[in-house]
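Q: Before I ask anything, let me first share the structure, which is written out below as structure tokens.
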Number of protein chains: 2
Amino acid sequence: MCGRPRRVTATDVAKATGVSRATVGFVLNNTPGQSITAATRAKVLAAAERLGYTPYAPARALRSGRTSIVVMLLSQLPGGPVVNAVTEHLTALLAEDGLTLLVHMHPGRDEPVSALWGVVTPAAVIAFDRAWDEELAPLRRAGIPVVTPFVDPPDDLDGAVPVMMQRIGRLQVDHLVLAGHTRLGFALPDDPRLAPMAGDRLEGARFACAELGLDLPQVATVPLEVAAAAEAVAGWRAGPAPVTAVCAYNDEVAIAVLSGAHRLGVAVPGELAVIGVDDVPLAAAVSPPLTTIATHPATLSRYLYEALAAALADGPVPHRPATEMLAVTVRGSV
Amino acid sequence: MCGRPRRVTATDVAKATGVSRATVGFVLNNTPGQSITAATRAKVLAAAERLGYTPYAPARALRSGRTSIVVMLLSQLPGGPVVNAVTEHLTALLAEDGLTLLVHMHPGRDEPVSALWGVVTPAAVIAFDRAWDEELAPLRRAGIPVVTPFVDPPDDLDGAVPVMMQRIGRLQVDHLVLAGHTRLGFALPDDPRLAPMAGDRLEGARFACAELGLDLPQVATVPLEVAAAAEAVAGWRAGPAPVTAVCAYNDEVAIAVLSGAHRLGVAVPGELAVIGVDDVPLAAAVSPPLTTIATHPATLSRYLYEALAAALADGPVPHRPATEMLAVTVRGSV
DNA sequence: TTGTAGGCGTTATCAT
DNA sequence: ATGATAACGCCTACAA
């Protein structure tokens, strides 16, 4: 056992079998148009197996000029069950095409995203944060497709995510108004990192209220803590014209609102209706079950996959309206 | 605009500035022991910036024989908030050492994990599933350290994760018994993929009950759905000697139990105590706030980081008792 | 049917 | 102080 064990290379396999490196390459890649003796092929495969040969990624990439890596770039913000589900779906979809999905969570503002390209060279990138658009421009120029979710239409590089987020807020308001509510509240998350996304959703809710001739929603920050949530609920219920329905930033915040209401003895949905976003597994498990905007991870994943596949084939990115990914899941809280 | 844009290489930068490739290399890598004119240095940097030069990862890796990539391998199972938190912490810790964390979710049993090494060559691997130990052996042989969480002691390759999982179940029972309970229930998750881990935790709870001379916990599967959860609670409360306290597989399941109890009008913790696992953010936000076993992602992350750093430096892997990562967070549900 | 040779971009060594 | 050169492991056109 030497201190620094060396990799097993194709040359080692060739030496072990007594054939040339080229032959080894043909066998291992199943190169068509080459006729290799069954015996030789078997010997090579056996030796490769025995020695524990693995193709060496950097050499392969250097030679071919491309990799089969797709990097999914996350900021610290999302990290929720929706992103997890997308990761799972997308990994499977890409694997069918021989592509490998690797997720990188960007640590923060101090280090530029571009440092990543000195470490991995992806065939394509999925960016979950539009803040990187500028940093990603060199990549695009180098011919590496960058796909962003929620882009609708696909070439609208300004404000696509905000539009999608606003649509969520709008959908919440529409559903509450349809249920007969006119005085709405909006529950913001406590985590400052979620502020941009929360702001967009709130904006959508505001627009919807304005269009419908309602008062703007009464905004409160709802920490994930019962007592604080109860305070927020008390705030909404106070005064002569109390809020009767709340749009929550997401299902977590919605569940906090539910708990706050429960603690105060405020009936849901009788005295206060609540609508969330995400449709997390827990949404069906709380009491009352949570009505929420489902973002349908499977549809989002498939859209990302199709956009990616098209971009890698130099084809036009398919148009998939964002509305397809959103639907109200009606349960008991509205 | 050509159809296939080419990368900008160091040679391009050299040509643009009129110096040799080597000089470019010295400047870009800040190679010590070389004296480069300030003017030359500035010219090179300016050209690199202007052309949008990025070092090419595969070539760099091929030349240097190593990468700064750490791959974290996940099976589809965990994916919860704890793993997310660990990802976030670990990414930051590794970034300080110039290492990049990439997360790969293994799609399934059809494709072997080893296929990954033809795509990325990591400097080290973090494996969250002991099922891969055998497939990871070739990596270890190639000198690439493989680190696994929950291994205690570090060299105990058999049953370390089960032991950690069992410890969790044991802690739950201990806490409930300390609070005066003697007839316990155990709430299993519905998702079959969680069965192995759930089985281990249940096993730990069983051992603890046996040691304490109690009846074995009454097991029920609790889907994430109020009505079904209520049924499970009803089952525990039925009969002459009803269960008075429930160990839930995790916080999600615990919250479902809470909801089921709420629907039936069963008081928590008065008539039924509940204890979860994970200490997710929502645990403090439900009513009553959830008492739970916190797995402390920050501690786990630091342990993984230290183990990784030690392994990469060829040093001994530090011993960190698993118990340090577990603590009861007492809130209102017990 | 199999072997030979050249090159991908980077960097370390050696020579100027 | 700067330039030439070789080598990393793999792939493949071409030669034998």
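We name chains A, B, ... following the order of the structure tokens; residues begin at 1 in each chain, and ligands are numbered from 1 as shown.
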If DSSP is run on the backbone, what residues of stretch 28-88 of chain A are strand (DSSP E or B)? A reply as a list in words would be ideal.
A: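 Taking stretch 28-88 of chain A and keeping strand (DSSP E or B) gives Ile69, Val70, Val71, Met72, Leu73 and Leu74 of chain A.
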Q: Could you take the residues named above and write them with all heavy atoms, as a PDB file, in the first residue's frame?
A:
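Just written: out33.pdb:
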ATOM      1  N   ILE A  69     -22.556  17.011 -17.890  1.00  0.00           N
ATOM      2  CA  ILE A  69     -22.989  17.558 -16.609  1.00  0.00           C
ATOM      3  C   ILE A  69     -23.970  18.700 -16.799  1.00  0.00           C
ATOM      4  O   ILE A  69     -23.749  19.587 -17.619  1.00  0.00           O
ATOM      5  CB  ILE A  69     -21.778  18.098 -15.815  1.00  0.00           C
ATOM      6  CG1 ILE A  69     -20.810  16.968 -15.481  1.00  0.00           C
ATOM      7  CG2 ILE A  69     -22.217  18.822 -14.565  1.00  0.00           C
ATOM      8  CD1 ILE A  69     -19.541  17.446 -14.830  1.00  0.00           C
ATOM      9  N   VAL A  70     -25.046  18.662 -16.055  1.00  0.00           N
ATOM     10  CA  VAL A  70     -25.942  19.809 -15.985  1.00  0.00           C
ATOM     11  C   VAL A  70     -25.889  20.329 -14.555  1.00  0.00           C
ATOM     12  O   VAL A  70     -26.136  19.581 -13.613  1.00  0.00           O
ATOM     13  CB  VAL A  70     -27.386  19.439 -16.356  1.00  0.00           C
ATOM     14  CG1 VAL A  70     -28.310  20.631 -16.147  1.00  0.00           C
ATOM     15  CG2 VAL A  70     -27.463  18.952 -17.794  1.00  0.00           C
ATOM     16  N   VAL A  71     -25.520  21.583 -14.415  1.00  0.00           N
ATOM     17  CA  VAL A  71     -25.435  22.166 -13.080  1.00  0.00           C
ATOM     18  C   VAL A  71     -26.704  22.944 -12.778  1.00  0.00           C
ATOM     19  O   VAL A  71     -27.154  23.748 -13.594  1.00  0.00           O
ATOM     20  CB  VAL A  71     -24.213  23.103 -12.960  1.00  0.00           C
ATOM     21  CG1 VAL A  71     -24.333  23.978 -11.730  1.00  0.00           C
ATOM     22  CG2 VAL A  71     -22.935  22.295 -12.903  1.00  0.00           C
ATOM     23  N   MET A  72     -27.287  22.649 -11.635  1.00  0.00           N
ATOM     24  CA  MET A  72     -28.441  23.416 -11.191  1.00  0.00           C
ATOM     25  C   MET A  72     -27.970  24.353 -10.086  1.00  0.00           C
ATOM     26  O   MET A  72     -27.528  23.910  -9.028  1.00  0.00           O
ATOM     27  CB  MET A  72     -29.525  22.484 -10.669  1.00  0.00           C
ATOM     28  CG  MET A  72     -30.779  23.201 -10.252  1.00  0.00           C
ATOM     29  SD  MET A  72     -32.201  22.069 -10.288  1.00  0.00           S
ATOM     30  CE  MET A  72     -32.607  22.022  -8.562  1.00  0.00           C
ATOM     31  N   LEU A  73     -28.047  25.636 -10.364  1.00  0.00           N
ATOM     32  CA  LEU A  73     -27.545  26.648  -9.447  1.00  0.00           C
ATOM     33  C   LEU A  73     -28.661  27.131  -8.537  1.00  0.00           C
ATOM     34  O   LEU A  73     -29.678  27.620  -9.012  1.00  0.00           O
ATOM     35  CB  LEU A  73     -27.032  27.841 -10.233  1.00  0.00           C
ATOM     36  CG  LEU A  73     -25.543  27.954 -10.500  1.00  0.00           C
ATOM     37  CD1 LEU A  73     -25.269  29.263 -11.226  1.00  0.00           C
ATOM     38  CD2 LEU A  73     -24.783  27.910  -9.200  1.00  0.00           C
ATOM     39  N   LEU A  74     -28.441  27.004  -7.241  1.00  0.00           N
ATOM     40  CA  LEU A  74     -29.431  27.507  -6.295  1.00  0.00           C
ATOM     41  C   LEU A  74     -28.822  28.621  -5.468  1.00  0.00           C
ATOM     42  O   LEU A  74     -27.644  28.572  -5.114  1.00  0.00           O
ATOM     43  CB  LEU A  74     -29.871  26.389  -5.345  1.00  0.00           C
ATOM     44  CG  LEU A  74     -30.556  25.166  -5.927  1.00  0.00           C
ATOM     45  CD1 LEU A  74     -30.927  24.211  -4.805  1.00  0.00           C
ATOM     46  CD2 LEU A  74     -31.788  25.579  -6.700  1.00  0.00           C
TER      47      LEU A  74
END
Q: If we count only C-alpha atoms (C1' of nucleotides) and set the cut-off at 12 Å, which residues sit around B:Arg140, ignoring sequence neighbours fewer than 6 positions away in its own chain? Please answer as a list in words.
A: Arg4, Pro5, Arg6, Arg7 and Gly52 of chain A; Pro122, Ala123, Ala124, Val125, Ile126, Asp133, Glu134, Val146, Val147, Ala311 and Leu312 of chain B
Q: Could you make a table, as CSV, of the residues of chain A that have an atom within 10 Å of an atom of chain C, each with its nearest atom pair and distance in Å to one decimal, counting only C-alpha atoms (C1' of nucleotides), in chain and number order?
A:
residue,atom,partner,partner_atom,distance
A:Val19,CA,C:DT2,C1',8.1
A:Ser20,CA,C:DG3,C1',6.4
A:Arg21,CA,C:DG3,C1',8.6
A:Ala22,CA,C:DG3,C1',7.5
A:Thr23,CA,C:DT2,C1',6.9
A:Gln34,CA,C:DT1,C1',8.2
A:Ser35,CA,C:DT1,C1',6.5
A:Ile36,CA,C:DT1,C1',6.5
A:Thr37,CA,C:DT1,C1',7.8
A:Ala59,CA,C:DC8,C1',8.7
A:Arg60,CA,C:DC8,C1',9.5
A:Ala61,CA,C:DC8,C1',8.8
A:Leu62,CA,C:DC8,C1',5.3
A:Arg63,CA,C:DC8,C1',4.8
A:Ser64,CA,C:DC8,C1',7.6
A:Gly65,CA,C:DC8,C1',7.4
Q: Taking only stretch 164-240 of chain A into account, list the residues labelled helix (DSSP H, G or I) by DSSP (computed from the backbone), as an MDAnalysis selection string.
A: chainID A and resid 164:178 192:211 226:237
Q: Chain B near chain A within 7 Å: what's each residue's closest atom pair and its distance in Å to one decimal, counting only C-alpha atoms, ordered by chain then ascending residue number, as CSV?
A:
residue,atom,partner,partner_atom,distance
B:Arg4,CA,A:Gly143,CA,6.7
B:Pro5,CA,A:Gly143,CA,5.7
B:Arg6,CA,A:Ala142,CA,6.2
B:Arg7,CA,A:Ala142,CA,5.6
B:Gly52,CA,A:Pro138,CA,6.6
B:Thr54,CA,A:Gly118,CA,6.6
B:Pro55,CA,A:Gly118,CA,5.2
B:Tyr56,CA,A:Gly118,CA,5.8
B:Ala57,CA,A:Gly118,CA,4.8
B:Pro58,CA,A:Pro58,CA,4.3
B:Ala59,CA,A:Leu62,CA,5.8
B:Ala61,CA,A:Pro58,CA,6.0
B:Leu62,CA,A:Pro58,CA,5.4
B:Ser68,CA,A:Val119,CA,6.7
B:Ile69,CA,A:Val119,CA,6.9
B:Gly79,CA,A:Asn84,CA,6.4
B:Asn84,CA,A:Gly79,CA,6.4
B:Glu88,CA,A:Met105,CA,6.9
B:Thr91,CA,A:Pro107,CA,6.3
B:Ala92,CA,A:Pro107,CA,5.5
B:Leu101,CA,A:His104,CA,6.5
B:Leu102,CA,A:His104,CA,5.1
B:Val103,CA,A:Val103,CA,4.8
B:His104,CA,A:Leu102,CA,5.1
B:Met105,CA,A:Glu88,CA,6.9
B:Pro107,CA,A:Ala92,CA,5.5
B:Trp117,CA,A:Ala57,CA,6.7
B:Gly118,CA,A:Ala57,CA,4.8
B:Val119,CA,A:Ala57,CA,5.1
B:Val120,CA,A:Ala57,CA,5.6
B:Thr121,CA,A:Ala57,CA,6.0
B:Pro138,CA,A:Gly52,CA,6.3
B:Ala142,CA,A:Arg7,CA,5.6
B:Gly143,CA,A:Pro5,CA,5.7
B:Leu224,CA,A:Ala285,CA,4.7
B:Glu225,CA,A:Ala285,CA,4.0
B:Val226,CA,A:Ala285,CA,4.7
B:Glu252,CA,A:Leu282,CA,6.6
B:Ala256,CA,A:Ala285,CA,5.0
B:Ser259,CA,A:Ser287,CA,5.1
B:Arg263,CA,A:Ser287,CA,6.8
B:Pro281,CA,A:Leu224,CA,6.5
B:Leu282,CA,A:Leu224,CA,6.1
B:Ala284,CA,A:Glu225,CA,5.0
B:Ala285,CA,A:Glu225,CA,4.1
B:Val286,CA,A:Ser259,CA,5.2
B:Ser287,CA,A:Ser259,CA,5.1
Q: When you get a sec, could you note down which chain D residues fall within 9 Å of chain B, using only C-alpha atoms (C1' of nucleotides), as a ChimeraX atom specification?
A: /D:1-3,7-9
Q: Expressed in Å to a single decimal, how great is the separation between atom CA of A:Ile293 and atom CA of A:Ala267?
A: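 Going from atom CA of A:Ile293 over to atom CA of A:Ala267, I get 21.4 Å.
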Q: For the atom pair atom CA of A:Leu272 and atom CA of A:Met165, what is the interatomic distance in Å to one decimal place?
A: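 Interatomic distance here is 23.8 Å.
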